[in-house]
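Undergrad: start-v3.cif (mmCIF, C-alpha atoms) pasted underneath:
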```
data_coords
loop_
_atom_site.label_atom_id
_atom_site.label_comp_id
_atom_site.auth_asym_id
_atom_site.auth_seq_id
_atom_site.Cartn_x
_atom_site.Cartn_y
_atom_site.Cartn_z
CA MET E 46 -2.72 12.68 16.53
CA ASP E 47 -0.52 15.37 15.01
CA LEU E 48 1.37 14.67 11.76
CA GLU E 49 3.90 17.09 10.31
CA ARG E 50 5.47 16.92 6.86
CA THR E 51 8.72 18.75 6.14
CA LYS E 52 10.73 18.95 2.91
CA LEU E 53 14.41 18.22 3.46
CA PRO E 54 16.26 19.85 0.53
CA GLY E 55 18.64 17.43 -1.14
CA ILE E 56 17.43 14.54 1.03
CA GLY E 57 13.68 13.97 0.67
CA LEU E 58 10.77 14.28 3.09
CA GLN E 59 10.37 13.97 6.83
CA HIS E 60 7.09 12.94 8.44
CA VAL E 61 6.83 13.27 12.21
CA MET E 62 3.88 11.95 14.19
CA THR E 63 3.11 12.86 17.77
CA THR E 64 1.35 10.00 19.54
CA ALA E 65 -1.47 10.34 22.05
CA ARG E 66 1.14 9.88 24.79
CA GLY E 67 3.26 12.75 23.47
CA ARG E 68 6.03 10.69 21.85
CA GLN E 69 7.36 11.76 18.48
CA ILE E 70 8.19 9.18 15.83
CA GLY E 71 9.37 10.09 12.37
CA VAL E 72 10.12 8.65 8.98
CA ILE E 73 12.66 10.28 6.70
CA SER E 74 12.02 9.28 3.10
CA HIS E 75 15.21 9.68 1.09
CA ARG E 76 15.15 10.29 -2.66
CA THR E 77 17.00 6.97 -3.04
CA GLY E 78 14.05 5.04 -1.60
CA ARG E 79 15.77 4.42 1.73
CA ARG E 80 13.69 5.16 4.80
CA ASP E 81 14.95 6.09 8.26
CA LEU E 82 12.69 5.33 11.20
CA VAL E 83 13.43 7.96 13.86
CA ILE E 84 12.42 8.11 17.53
CA TYR E 85 12.78 11.48 19.19
CA ASP E 86 13.64 12.23 22.82
CA LYS E 87 10.50 12.91 24.84
CA GLU E 88 12.23 15.64 26.86
CA ASP E 89 13.96 17.25 23.86
CA PRO E 90 11.91 16.70 20.67
CA ASP E 91 14.76 18.12 18.56
CA SER E 92 17.03 15.26 19.65
CA CYS E 93 16.86 11.79 18.22
CA ILE E 94 17.33 8.85 20.59
CA ALA E 95 17.27 6.12 17.92
CA THR E 96 17.44 5.83 14.15
CA VAL E 97 16.96 2.69 12.09
CA ALA E 98 17.91 2.81 8.39
CA LEU E 99 15.54 0.66 6.32
CA THR E 100 15.76 -0.61 2.76
CA VAL E 101 12.69 -0.20 0.55
CA GLU E 102 11.76 -3.84 1.21
CA GLU E 103 12.14 -3.46 4.98
CA ALA E 104 10.06 -0.26 5.00
CA ASN E 105 7.32 -2.00 3.00
CA ALA E 106 7.35 -4.95 5.42
CA ILE E 107 6.96 -2.65 8.42
CA ALA E 108 4.18 -0.71 6.68
CA GLU E 109 2.41 -4.00 6.08
CA LEU E 110 2.80 -5.01 9.72
CA LEU E 111 1.49 -1.66 10.93
CA GLY E 112 -1.73 -1.48 9.05
CA THR E 113 -2.07 -2.46 5.46
CA GLY E 114 -4.09 -5.43 6.69
CA ARG E 115 -6.78 -2.84 7.30
CA VAL E 116 -6.97 -1.99 3.59
CA LEU E 117 -9.69 -4.56 3.01
CA GLU E 118 -11.64 -3.33 6.06
CA HIS E 119 -11.52 0.23 4.76
CA LEU E 120 -12.64 -0.86 1.30
CA ALA E 121 -15.60 -2.75 2.76
CA GLU E 122 -16.61 0.33 4.76
CA LEU E 123 -16.22 2.54 1.69
CA GLN E 124 -18.42 0.19 -0.30
CA ARG E 125 -21.13 0.48 2.35
CA GLN E 126 -20.89 4.28 2.24
CA VAL E 127 -20.78 4.79 -1.53
CA GLY E 128 -23.66 3.42 -3.54
CA GLY E 129 -22.71 1.68 -6.77
CA LEU E 130 -19.16 0.91 -5.65
CA ASN E 131 -18.24 -2.78 -5.57
CA THR E 132 -15.23 -4.49 -4.08
CA GLU E 133 -14.36 -7.93 -5.41
CA GLN E 134 -11.64 -10.39 -4.50
CA LEU E 135 -10.63 -12.28 -7.63
CA PRO E 136 -8.21 -15.23 -7.75
CA ILE E 137 -5.31 -15.65 -10.13
CA THR E 138 -5.79 -19.33 -10.92
CA PRO E 139 -3.21 -21.70 -12.41
CA GLY E 140 -3.62 -21.32 -16.16
CA SER E 141 -4.76 -17.70 -15.92
CA PRO E 142 -3.35 -15.71 -18.83
CA TYR E 143 -1.88 -13.35 -16.19
CA ASP E 144 -0.08 -15.95 -14.06
CA GLY E 145 3.52 -14.71 -14.36
CA ARG E 146 2.54 -11.45 -16.09
CA THR E 147 2.37 -7.91 -14.78
CA LEU E 148 -0.54 -5.77 -13.64
CA GLY E 149 0.30 -3.33 -16.44
CA ASP E 150 -0.20 -6.11 -18.98
CA THR E 151 -3.87 -6.38 -17.96
CA ARG E 152 -4.64 -2.73 -18.81
CA ALA E 153 -7.56 -3.36 -16.43
CA ARG E 154 -8.19 0.26 -15.46
CA THR E 155 -8.10 1.47 -19.08
CA ARG E 156 -10.31 -1.37 -20.29
CA THR E 157 -12.85 -1.41 -17.43
CA SER E 158 -12.55 1.79 -15.33
CA ALA E 159 -12.18 -0.50 -12.30
CA SER E 160 -9.04 -0.35 -10.17
CA ILE E 161 -6.85 -3.12 -8.78
CA VAL E 162 -6.13 -1.69 -5.34
CA ALA E 163 -4.36 -4.58 -3.59
CA VAL E 164 -3.14 -8.13 -4.01
CA VAL E 165 -3.22 -10.75 -1.28
CA ARG E 166 -0.35 -13.23 -1.61
CA GLN E 167 -0.37 -15.99 0.97
CA ASP E 168 -0.60 -14.04 4.25
CA ARG E 169 0.72 -10.74 2.84
CA ILE E 170 -1.26 -7.81 1.53
CA ILE E 171 0.39 -5.76 -1.19
CA PRO E 172 -1.48 -2.43 -1.29
CA SER E 173 -1.47 -0.28 -4.42
CA PRO E 174 0.53 -2.64 -6.62
CA THR E 175 2.49 -0.86 -9.34
CA PRO E 176 2.16 -1.67 -13.06
CA ASP E 177 5.33 -3.81 -12.90
CA PHE E 178 3.86 -6.04 -10.14
CA THR E 179 3.90 -9.66 -11.36
CA PHE E 180 0.92 -11.88 -10.58
CA THR E 181 1.39 -15.46 -9.41
CA ALA E 182 -1.16 -18.28 -9.34
CA GLY E 183 -2.74 -18.24 -5.89
CA ASP E 184 -2.81 -14.44 -5.63
CA THR E 185 -6.11 -12.79 -4.77
CA VAL E 186 -6.65 -9.50 -6.58
CA VAL E 187 -8.75 -6.83 -4.85
CA VAL E 188 -10.72 -4.78 -7.38
CA VAL E 189 -12.87 -1.68 -6.79
CA GLY E 190 -15.33 -0.30 -9.31
CA THR E 191 -18.85 -0.61 -10.61
CA ALA E 192 -20.44 -4.06 -10.80
CA GLU E 193 -19.82 -4.05 -14.55
CA GLY E 194 -16.20 -2.99 -14.11
CA THR E 195 -15.33 -5.61 -11.51
CA THR E 196 -17.04 -8.30 -13.62
CA ALA E 197 -14.99 -7.18 -16.62
CA VAL E 198 -11.75 -7.42 -14.61
CA ALA E 199 -12.74 -10.96 -13.57
CA ARG E 200 -13.14 -11.84 -17.26
CA ILE E 201 -9.77 -10.29 -18.10
CA LEU E 202 -8.00 -12.28 -15.37
CA THR E 203 -9.71 -15.49 -16.49
CA ASP E 204 -9.81 -15.13 -20.28
CA GLY E 205 -7.29 -12.42 -21.16
#
```
So that I can check it, write out the structure of this file as structure tokens.
TA:
Amino acid sequence: MDLERTKLPGIGLQHVMTTARGRQIGVISHRTGRRDLVIYDKEDPDSCIATVALTVEEANAIAELLGTGRVLEHLAELQRQVGGLNTEQLPITPGSPYDGRTLGDTRARTRTSASIVAVVRQDRIIPSPTPDFTFTAGDTVVVVGTAEGTTAVARILTDG
């Protein structure tokens, strides 16, 4: 697979992937957050045969459909490869001090050196949640770090 990244002055970035079958598919990431999904003509790779403008939410949904479900698989494999690295899935229970509060409020990384790398909400995986991500009871938080660090994050999510 070939992946090219090109800066588009005044617009943003363009990523173009060439598939194993020789098709080119691209994503133009605008500075505004908008994403354009672009399919190029197989006979003339400089010509676009279809463009779909996506909002940030739509782009995130497609990203989720295309592979973020594999985040947990990759973390499990990484844990097997790197000694001393633990991956834990921790629930946000009703009554948790962080039910309805943001990831940034936990200060988990600063306090424990462990990282919250994803949140599973119902059937959705939210990879790399930002500090303003708000937890909800029923979420499962995916934490990566040492055994001590992941245990400390569990205590934070339970006790504050």
Undergrad: Written as a list in words, which residues does the PyMOL selection byres ((chain E and resi 154) around 12) give for the file shown?
TA: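 Selected by the PyMOL selection byres ((chain E and resi 154) around 12) in this file: Leu148, Gly149, Asp150, Thr151, Arg152, Ala153, Thr155, Arg156, Thr157, Ser158, Ala159, Ser160, Ile161, Val162, Pro176, Val188, Val189, Gly190, Thr191, Gly194, Thr195, Ala197, Val198 and Ile201 of chain E.
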Undergrad: Considering all atoms listed in the file, state which residue in the set E:Arg68, E:Arg166, E:Arg50, E:His75 is at the smallest distance from Pro136 in chain E.
TA: E:Arg166
Undergrad: Take the PyMOL selection byres ((chain E and resi 83-85) around 12), run it mentally on this structure, and tell me the resulting residues as a PyMOL selection string.
TA: chain E and resi 59-64+67-74+80-82+86-99
Undergrad: Kindly indicate which residue among E:Ile137, E:Leu53, E:Ala192, E:Ala199 lies nearest to Thr179 in chain E, using all atoms listed in the file for the distances.
TA: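 Smallest separation from Thr179 in chain E among the options: E:Ile137.
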Undergrad: Between E:Val101, E:Leu130, E:Leu135, E:Val187, which one has atoms that come closest to Arg200 in chain E, using only C-alpha atoms?
TA: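 Checking each candidate against Arg200 in chain E, we get E:Leu135 as the closest.
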Undergrad: Give me the result of the PyMOL selection byres ((chain E and resi 168) around 12) on this file, residue by residue, as JSON, numbers by chain.
TA: {"E": [109, 110, 113, 114, 164, 165, 166, 167, 169, 170, 171, 183, 184, 185]}
